[in-house]
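Report on the following structure.
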There are 2 protein chains.
Amino acid sequence: MNLSNRASNTPASPIRKLFPKASEAEKKGIKIYKLNIGQPDLKTPNCIKKRCQNYPKDLVYEPSPGIPELISTWAKYFAKDNLPVTDKDLIITTGGSEAIVFSLLATCDPNDEVIVFEPFYANYKSYAIQTSVKLVPVTLKIEDNFHLPNAEEIEKKITSKTKAILINNPSNPTGAVYKKNELQMITDLAIKHNLFIISDEVYNEFVLDKKNKFISLMSFPKIQQQLILIESASKKFNACGARIGALVSKNSEIIATVTKFAQARLSSPSIEQYALIPIFKTAKKYTQKICQEYKKRRDTIFNGLKKIKGAICLKPEGAFYVIVKLPVDDTEKFCAWLLDKFEYKKQTVMLAPAKDFYATPNMGLQEVRIAYVLKSQDLKKAMEILKIAIEEYNKIYAKK
Amino acid sequence: MNLSNRASNTPASPIRKLFPKASEAEKKGIKIYKLNIGQPDLKTPNCIKKRCQNYPKDLVYEPSPGIPELISTWAKYFAKDNLPVTDKDLIITTGGSEAIVFSLLATCDPNDEVIVFEPFYANYKSYAIQTSVKLVPVTLKIEDNFHLPNAEEIEKKITSKTKAILINNPSNPTGAVYKKNELQMITDLAIKHNLFIISDEVYNEFVLDKKNKFISLMSFPKIQQQLILIESASKKFNACGARIGALVSKNSEIIATVTKFAQARLSSPSIEQYALIPIFKTAKKYTQKICQEYKKRRDTIFNGLKKIKGAICLKPEGAFYVIVKLPVDDTEKFCAWLLDKFEYKKQTVMLAPAKDFYATPNMGLQEVRIAYVLKSQDLKKAMEILKIAIEEYNKIYAKK
């Protein structure tokens with residue numbers, strides 16, 4: 001008796017699959033700088049924790065589309081940026097991940113296709129397999145700092161089965177923040193080919209340089225009826241474990257459909273929904289501060305990487321990730337080696353091999369994703385250790 | 001630009017779709033006895049609420065398969081009943097609903113078939129649509145008190161595409177508690193035809209009469225490698241809004257697969273996982289008490305229904321639901337009418353039409369599901385009002 005094909009096709013998380021090796025290393029007393037996972041070390045805001053402590057109710061099902069007060073406060077957070085989001089356009093989801101699954105289900109039937117830009121958030125693969133949707137990748141280039149290619153390159157991938165374009169802005173794992181002309185090009189394509197856009201904007205608050213600006217696709221009036229925004233409280237409020245996200249659309253049919261999906265899973269967790277309400281009122285103040293912190297960290301990481309001979313990356317612009325091409329033969333092998341063979345003064349570094357962030361086979365074999373989610377002094381040390389590790393690794397494995 | 005077929009095929013929740021009419025009635029000052037939804041009025045245990053208040057951590061991602069201490073305490077809860085569940089057999093899920101979706105994904109590819117017994121928990125339909133699985137119903141009979149037919153009846157429905165049997169014991173919506181010989185028959189069928197069994201046992205604590213006993217399919221050694229148990233904290237601990245369930249299997253391949261699905265959605269809500277740990281230690285003490293309460297309620301409902309001329313039901317044995325055949329032409333129409341046309345001394349009753357609990361079209365047109373989730377004195381009144389309502393309704397609509 002066999003499990004389903006989709007069971008075997010679902011990849012293990014590239015971010016999490018090295019956990020067992022990390023545990024082994026820790027048992028040997030090795031300190032690991034964990035740059036593999038987007039789990040920031042920043043504190044959950046006190047106002048959230050206080051609300052958890054003061055949760056006033058029994059744990060009953062809340063309304064399937066979310067607690068009305070949270071919906072309303074989240075919609076207002078968009079309205080402040082002049083985005084036309086009202087209460088009826090927003091459904092609370094159990095994390096941004098559920099919002100993506102609901103978006104794929106709403107727009108695609110099995111075997112339909114969705115255009116994605118690789119490297120992309122690795123879990124998109126699992127969501128696509130679960131929903132029987134085919135991801136069709138457009139490959140981005142490290143030398144373009146992972147910005148979009150021209151429309152023709154994307155258009156080549158559109159078929160009669162294409163139903164949507166899935167874009168992540170700012171991008172995990174590349175840190176790219178897309179510019180107005182790129183987003184305009186995407187909306188033009190979607191309108192021309194009658195496609196939905198699923199725009200994963202969960203890192204919207206994390207644009208690190210003044211010269212860049214986050215532009216939501218929701219600010220393009222012509223695309224609004226074809227647009228689904230993915231939102232999340234996880235990263236912007238350091239509340240990853242709350243499992244609260246949102247799906248936003250001006251298309252009332254999409255909202256009606258997603259409401260039915262939400263009804264089937266009954267509700268999102270009650271306490272965390274309730275607890276998040278106040279932070280939205282001071283959201284920008286909070287996120288501006290942590291954004292400064294990420295900028296510092298980004299600069300530390302980038303300076304550290306520049307000192308590694310043969311490492312290639314351009315300066316990441318947003319979120320808190322960077323894809324780096326390392327001067328090693330195979331980053332899967334190298335990342336495992338970092339944990340089970342290497343140590344420098346009882347320390348090592350944990351990174352995510354980039355291969356699994358690509359849909360095209362054999363892409364990204366020399367790349368890793370680094371999440372700069374530690375304090376700058378730790379990141380500095382981690383980059384020094386990485387430099388030493390690469391030298392040592394290549395003494396053993398580099399082709400002569 | 002159209003949404004997907006599965007978007008349009010997903011049914012609105014039969015339990016929730018009358019909410020707007022209920023709101024309108026409430027605005028007119030009408031008191032509604034809500035027997036439509038399995039949302040008990042019982043209090044969430046204090047030990048759970050206290051743990052929420054004392055949640056000691058930041059809201060970080062917890063491990064994808066669940067907090068180890070919760071896994072371990074939940075596994076021990078099974079072990080007390082001599083079920084061979086250990087820590088490695090159990091994954092925490094975001095509600096029982098997620099556990100069912102994961103089970104369908106793990107066992108079926110698109111267009112594969114799963115045998116279900118109708119009437120069944122209506123949301124199974126949505127989970128099947130979301131996972132592109134075809135539910136193949138075996139119809140149960142009200143005159144058998146919704147117990148299983150013989151093996152031949154079930155075998156007729158098994159095809160080369162059948163991958164699993166989905167059974168809910170005790171049953172929502174029928175209240176049936178399956179007997180040893182019925183369960184033995186199901187396991188024999190599954191073994192003979194090489195099928196998985198997905199056994200939704202979330203109401204395991206709610207068996208209302210001493211002469212009946214809950215028997216977990218996990219107690220049949222021969223089926224263990226083919227078995228997935230669905231568990232939930234929602235009903236047994238009056239913590240529906242926690243969104244914490246579990247998927248249990250002795251098949252390590254299933255656990256490995258479901259771990260990958262769990263990784264893709266990152267984690268289940270942190271606070272509620274943490275909060276549920278202590279209640280498992282005194283679970284039986286707690287559930288025995290509330291089970292007594294449900295027995296009282298069941299008797300009240302059943303006595304009330306006996307007084308309604310033409311209403312047909314046998315005594316429900318477990319969970320807190322009953323399917324009743326009412327002497328009305330169409331329960332969809334009748335249930336809507338109860339909310340928007342009827343009142344008795346500014347009171348009415350809200351019920352779930354049973355049609356949507358069937359997969360076969362036009363079944364259950366005269367049946368409703370009643371969830372006895374209110375206090376006995378309220379249930380008594382509700383049944384009196386229902387009696388009056390049926391008489392009044394039939395004065396208007398009954399065929400002469």
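For the structure tokens, the naming scheme is as follows: chains receive sequential letters (A, B, ...) according to their order of presentation, residues are indexed from 1 within each chain, and ligands are indexed from 1 in presentation order.
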- request: For stretch 349-351 of chain A, please output as a PyMOL selection string all residues within 9 Å (counting only C-alpha atoms; exclusion window: fewer than 6 positions along the same chain).
  value: chain A and resi 15+18+22+31-37+335-336+338-339+343+368-371+382-383+385-386+389
message: Residues near stretch 172-181 of chain A, anyone? I mean within 8 Å using only C-alpha atoms, not counting same-chain ones fewer than 5 positions away, as a VMD selection string.
response: chain A and resid 119 to 121 145 to 148 207 212 to 215 316 to 323 357 369
Write out, as an mmCIF file, in the first residue's frame, the residues just selected, with C-alpha atoms.
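And here's again-v9.cif as it stands now:
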data_model
loop_
_atom_site.group_PDB
_atom_site.id
_atom_site.type_symbol
_atom_site.label_atom_id
_atom_site.label_comp_id
_atom_site.auth_asym_id
_atom_site.auth_seq_id
_atom_site.Cartn_x
_atom_site.Cartn_y
_atom_site.Cartn_z
ATOM 1 C CA PRO A 119 14.749 31.497 -6.591
ATOM 2 C CA PHE A 120 11.494 31.726 -4.601
ATOM 3 C CA TYR A 121 10.275 30.942 -1.098
ATOM 4 C CA ASN A 145 20.406 41.370 -8.145
ATOM 5 C CA PHE A 146 17.430 39.072 -8.888
ATOM 6 C CA HIS A 147 15.296 41.765 -10.521
ATOM 7 C CA LEU A 148 12.757 40.811 -13.167
ATOM 8 C CA VAL A 207 12.845 48.039 2.567
ATOM 9 C CA ASN A 212 14.070 52.247 -2.740
ATOM 10 C CA LYS A 213 10.424 52.256 -1.831
ATOM 11 C CA PHE A 214 7.959 49.473 -1.344
ATOM 12 C CA ILE A 215 5.164 49.656 -3.899
ATOM 13 C CA PRO A 316 20.124 42.966 -0.917
ATOM 14 C CA GLU A 317 17.441 45.641 -0.811
ATOM 15 C CA GLY A 318 14.749 44.284 1.482
ATOM 16 C CA ALA A 319 13.294 41.541 3.653
ATOM 17 C CA PHE A 320 16.144 39.997 5.678
ATOM 18 C CA TYR A 321 17.638 37.483 3.299
ATOM 19 C CA VAL A 322 20.361 37.326 0.743
ATOM 20 C CA ILE A 323 21.286 34.729 -1.859
ATOM 21 C CA PHE A 357 14.558 27.607 -3.751
ATOM 22 C CA ARG A 369 20.336 31.672 1.412
#
query: Quick one: residues within 7 Å of A:Glu384, only C-alpha atoms counted, chain neighbours fewer than 4 positions away excluded, as an NGL selection string?
result: :A and (304 or 380 or 388)
- line: In terms of only C-alpha atoms, the residue from B:Leu189, B:Cys313, B:Leu90, B:Leu59 at minimal distance from B:Ile230 is B:Leu90
B:Ile48 environment, 7 Å, only C-alpha atoms, sequence neighbours closer than 3 positions dropped, as a PyMOL selection string: chain B and resi 45+51-52+275-276+279
Using the selection just defined, write its residues with N, CA and C atoms as a short mmCIF file (atom, residue, chain, number, x, y, z; two decimals), in the first residue's frame.
data_model
loop_
_atom_site.label_atom_id
_atom_site.label_comp_id
_atom_site.auth_asym_id
_atom_site.auth_seq_id
_atom_site.Cartn_x
_atom_site.Cartn_y
_atom_site.Cartn_z
N PRO B 45 -11.64 24.86 30.31
CA PRO B 45 -11.10 24.60 31.66
C PRO B 45 -10.13 25.69 32.13
N ARG B 51 -2.77 28.84 31.73
CA ARG B 51 -1.53 28.66 30.95
C ARG B 51 -1.41 29.71 29.86
N CYS B 52 -2.55 30.08 29.27
CA CYS B 52 -2.51 31.14 28.26
C CYS B 52 -2.01 32.43 28.89
N ALA B 275 -0.68 25.85 26.15
CA ALA B 275 -1.76 25.91 27.14
C ALA B 275 -2.45 24.57 27.36
N LEU B 276 -2.43 23.72 26.34
CA LEU B 276 -3.19 22.46 26.44
C LEU B 276 -2.45 21.37 27.22
N ILE B 279 -4.01 19.85 30.72
CA ILE B 279 -5.35 19.24 30.74
C ILE B 279 -5.31 17.76 30.38
#
message: Can you pull out the residues contacting B:Pro269? Cut-off 12 Å, using only C-alpha atoms, and skip same-chain residues under 4 positions away; I want them as an MDAnalysis selection string.
response: (chainID A and resid 94:95 234 239:244 268:273) or (chainID B and resid 52 59:67 92:95 241:245 265 273:276)
Just the selected residues (N, CA and C atoms), exported as an mmCIF file, in the first residue's frame, please.
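Final file, part-v1.cif:
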data_model
loop_
_atom_site.group_PDB
_atom_site.id
_atom_site.type_symbol
_atom_site.label_atom_id
_atom_site.label_comp_id
_atom_site.auth_asym_id
_atom_site.auth_seq_id
_atom_site.Cartn_x
_atom_site.Cartn_y
_atom_site.Cartn_z
ATOM 1 N N THR A 94 -4.769 31.523 8.726
ATOM 2 C CA THR A 94 -3.860 30.913 9.692
ATOM 3 C C THR A 94 -2.453 30.961 9.104
ATOM 4 N N GLY A 95 -1.847 32.128 9.237
ATOM 5 C CA GLY A 95 -0.539 32.388 8.630
ATOM 6 C C GLY A 95 -0.668 32.811 7.182
ATOM 7 N N SER A 234 3.542 37.662 10.996
ATOM 8 C CA SER A 234 4.679 36.909 11.548
ATOM 9 C C SER A 234 5.961 37.718 11.622
ATOM 10 N N ALA A 239 6.051 37.904 15.431
ATOM 11 C CA ALA A 239 5.030 37.050 16.031
ATOM 12 C C ALA A 239 4.816 35.828 15.136
ATOM 13 N N CYS A 240 5.918 35.192 14.762
ATOM 14 C CA CYS A 240 5.854 34.046 13.843
ATOM 15 C C CYS A 240 4.956 32.933 14.374
ATOM 16 N N GLY A 241 5.009 32.699 15.673
ATOM 17 C CA GLY A 241 4.255 31.593 16.259
ATOM 18 C C GLY A 241 2.770 31.877 16.428
ATOM 19 N N ALA A 242 2.356 33.102 16.113
ATOM 20 C CA ALA A 242 0.924 33.435 16.232
ATOM 21 C C ALA A 242 0.112 32.736 15.154
ATOM 22 N N ARG A 243 0.718 32.511 14.008
ATOM 23 C CA ARG A 243 0.061 31.905 12.844
ATOM 24 C C ARG A 243 -1.137 32.739 12.395
ATOM 25 N N ILE A 244 -0.902 34.021 12.235
ATOM 26 C CA ILE A 244 -1.959 34.903 11.760
ATOM 27 C C ILE A 244 -1.473 35.654 10.524
ATOM 28 N N SER A 268 -9.404 30.770 12.618
ATOM 29 C CA SER A 268 -7.986 30.909 12.960
ATOM 30 C C SER A 268 -7.875 31.035 14.480
ATOM 31 N N PRO A 269 -6.671 30.798 15.011
ATOM 32 C CA PRO A 269 -6.533 30.781 16.481
ATOM 33 C C PRO A 269 -7.031 32.062 17.161
ATOM 34 N N SER A 270 -7.809 31.888 18.198
ATOM 35 C CA SER A 270 -8.523 33.001 18.822
ATOM 36 C C SER A 270 -7.608 33.986 19.544
ATOM 37 N N ILE A 271 -6.748 33.465 20.401
ATOM 38 C CA ILE A 271 -5.975 34.357 21.282
ATOM 39 C C ILE A 271 -5.081 35.271 20.466
ATOM 40 N N GLU A 272 -4.396 34.693 19.485
ATOM 41 C CA GLU A 272 -3.458 35.496 18.712
ATOM 42 C C GLU A 272 -4.179 36.536 17.866
ATOM 43 N N GLN A 273 -5.364 36.200 17.366
ATOM 44 C CA GLN A 273 -6.131 37.207 16.615
ATOM 45 C C GLN A 273 -6.438 38.398 17.513
ATOM 46 N N CYS B 52 -2.551 30.081 29.268
ATOM 47 C CA CYS B 52 -2.512 31.142 28.257
ATOM 48 C C CYS B 52 -2.007 32.434 28.893
ATOM 49 N N LEU B 59 6.582 34.936 20.666
ATOM 50 C CA LEU B 59 5.788 34.129 19.730
ATOM 51 C C LEU B 59 6.634 33.672 18.552
ATOM 52 N N VAL B 60 7.527 32.736 18.816
ATOM 53 C CA VAL B 60 8.389 32.213 17.755
ATOM 54 C C VAL B 60 7.742 30.965 17.149
ATOM 55 N N TYR B 61 8.239 30.571 15.976
ATOM 56 C CA TYR B 61 7.799 29.299 15.401
ATOM 57 C C TYR B 61 8.145 28.178 16.370
ATOM 58 N N GLU B 62 7.190 27.366 16.712
ATOM 59 C CA GLU B 62 7.498 26.140 17.446
ATOM 60 C C GLU B 62 7.814 25.053 16.415
ATOM 61 N N PRO B 63 8.353 23.914 16.846
ATOM 62 C CA PRO B 63 8.683 22.874 15.861
ATOM 63 C C PRO B 63 7.462 22.508 15.004
ATOM 64 N N SER B 64 7.689 22.275 13.724
ATOM 65 C CA SER B 64 6.576 21.991 12.804
ATOM 66 C C SER B 64 5.692 20.836 13.263
ATOM 67 N N PRO B 65 6.254 19.744 13.791
ATOM 68 C CA PRO B 65 5.368 18.645 14.219
ATOM 69 C C PRO B 65 4.742 18.883 15.584
ATOM 70 N N GLY B 66 5.008 20.025 16.199
ATOM 71 C CA GLY B 66 4.397 20.335 17.486
ATOM 72 C C GLY B 66 5.401 20.481 18.602
ATOM 73 N N ILE B 67 4.958 21.098 19.703
ATOM 74 C CA ILE B 67 5.804 21.244 20.891
ATOM 75 C C ILE B 67 6.013 19.850 21.497
ATOM 76 N N ILE B 92 1.214 17.245 15.901
ATOM 77 C CA ILE B 92 0.219 18.262 16.247
ATOM 78 C C ILE B 92 -0.208 18.978 14.967
ATOM 79 N N THR B 93 -1.510 19.175 14.812
ATOM 80 C CA THR B 93 -2.030 19.862 13.625
ATOM 81 C C THR B 93 -2.859 21.084 14.049
ATOM 82 N N THR B 94 -3.079 21.955 13.090
ATOM 83 C CA THR B 94 -3.872 23.145 13.360
ATOM 84 C C THR B 94 -5.353 22.763 13.240
ATOM 85 N N GLY B 95 -5.837 22.145 14.314
ATOM 86 C CA GLY B 95 -7.199 21.621 14.333
ATOM 87 C C GLY B 95 -7.260 20.232 13.720
ATOM 88 N N GLY B 241 -11.609 27.201 19.783
ATOM 89 C CA GLY B 241 -10.850 28.305 19.188
ATOM 90 C C GLY B 241 -9.347 28.151 19.290
ATOM 91 N N ALA B 242 -8.898 27.099 19.982
ATOM 92 C CA ALA B 242 -7.442 26.876 20.090
ATOM 93 C C ALA B 242 -6.851 26.441 18.767
ATOM 94 N N ARG B 243 -7.642 25.752 17.968
ATOM 95 C CA ARG B 243 -7.206 25.186 16.673
ATOM 96 C C ARG B 243 -6.029 24.235 16.859
ATOM 97 N N ILE B 244 -6.204 23.313 17.778
ATOM 98 C CA ILE B 244 -5.166 22.307 18.001
ATOM 99 C C ILE B 244 -5.774 20.914 17.877
ATOM 100 N N GLY B 245 -5.236 20.156 16.941
ATOM 101 C CA GLY B 245 -5.614 18.767 16.762
ATOM 102 C C GLY B 245 -4.360 17.916 16.663
ATOM 103 N N ARG B 265 3.714 24.491 6.321
ATOM 104 C CA ARG B 265 2.902 25.527 6.966
ATOM 105 C C ARG B 265 3.545 26.010 8.264
ATOM 106 N N GLN B 273 -0.873 25.540 21.987
ATOM 107 C CA GLN B 273 -0.160 24.268 22.173
ATOM 108 C C GLN B 273 0.357 24.180 23.600
ATOM 109 N N TYR B 274 0.983 25.250 24.012
ATOM 110 C CA TYR B 274 1.550 25.307 25.361
ATOM 111 C C TYR B 274 0.446 25.167 26.412
ATOM 112 N N ALA B 275 -0.678 25.848 26.152
ATOM 113 C CA ALA B 275 -1.762 25.909 27.142
ATOM 114 C C ALA B 275 -2.454 24.567 27.358
ATOM 115 N N LEU B 276 -2.432 23.715 26.336
ATOM 116 C CA LEU B 276 -3.186 22.459 26.444
ATOM 117 C C LEU B 276 -2.446 21.365 27.218
#
message: What parts of stretch 133-243 of chain B does DSSP call strand (DSSP E)? I'd like the answer as a list in words.
response: Lys134, Leu135, Val136, Pro137, Val138, Thr139, Thr162, Lys163, Ala164, Ile165, Leu166, Ile167, Asn168, Phe196, Ile197, Ile198, Ser199, Asp200, Leu227, Ile228, Leu229, Ile230, Glu231 and Ser232 of chain B
Output of the above residues as a PDB file, in the first residue's frame, restricted to C-alpha atoms:
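Output (out.pdb):
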ATOM      1  CA  LYS B 134     -13.619  12.014  -4.831  1.00  0.00           C
ATOM      2  CA  LEU B 135     -15.801  11.043  -1.884  1.00  0.00           C
ATOM      3  CA  VAL B 136     -17.800   7.888  -2.614  1.00  0.00           C
ATOM      4  CA  PRO B 137     -20.721   7.675  -0.220  1.00  0.00           C
ATOM      5  CA  VAL B 138     -22.253   4.605   1.397  1.00  0.00           C
ATOM      6  CA  THR B 139     -25.678   5.687   2.612  1.00  0.00           C
ATOM      7  CA  THR B 162     -10.241   3.689  -3.894  1.00  0.00           C
ATOM      8  CA  LYS B 163      -7.393   4.566  -1.549  1.00  0.00           C
ATOM      9  CA  ALA B 164      -9.030   4.938   1.845  1.00  0.00           C
ATOM     10  CA  ILE B 165     -12.111   4.607   4.017  1.00  0.00           C
ATOM     11  CA  LEU B 166     -12.952   7.691   6.070  1.00  0.00           C
ATOM     12  CA  ILE B 167     -14.962   6.951   9.186  1.00  0.00           C
ATOM     13  CA  ASN B 168     -16.049   9.175  12.055  1.00  0.00           C
ATOM     14  CA  PHE B 196      -5.938   3.115   4.343  1.00  0.00           C
ATOM     15  CA  ILE B 197      -8.438   3.938   7.063  1.00  0.00           C
ATOM     16  CA  ILE B 198      -8.746   7.549   8.160  1.00  0.00           C
ATOM     17  CA  SER B 199     -10.515   7.295  11.499  1.00  0.00           C
ATOM     18  CA  ASP B 200     -11.817  10.588  12.813  1.00  0.00           C
ATOM     19  CA  LEU B 227      -4.477   3.574   9.975  1.00  0.00           C
ATOM     20  CA  ILE B 228      -4.499   7.335  10.456  1.00  0.00           C
ATOM     21  CA  LEU B 229      -6.316   8.650  13.537  1.00  0.00           C
ATOM     22  CA  ILE B 230      -7.696  12.165  13.588  1.00  0.00           C
ATOM     23  CA  GLU B 231      -7.691  13.833  16.981  1.00  0.00           C
ATOM     24  CA  SER B 232      -8.680  17.235  18.333  1.00  0.00           C
TER      25      SER B 232
END
task: Determine, counting only C-alpha atoms, which protein, DNA and RNA residues have an atom within 9 Å of an atom of B:Ile254; residues of the same chain fewer than 3 positions away are not included. Present the result as a list in words.
output: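 My reading of the contact set: Leu3 and Ala7 of chain A; Ser103, Ala106, Thr107, Ile228, Ser249, Lys250, Asn251, Thr257, Val258 and Thr259 of chain B.
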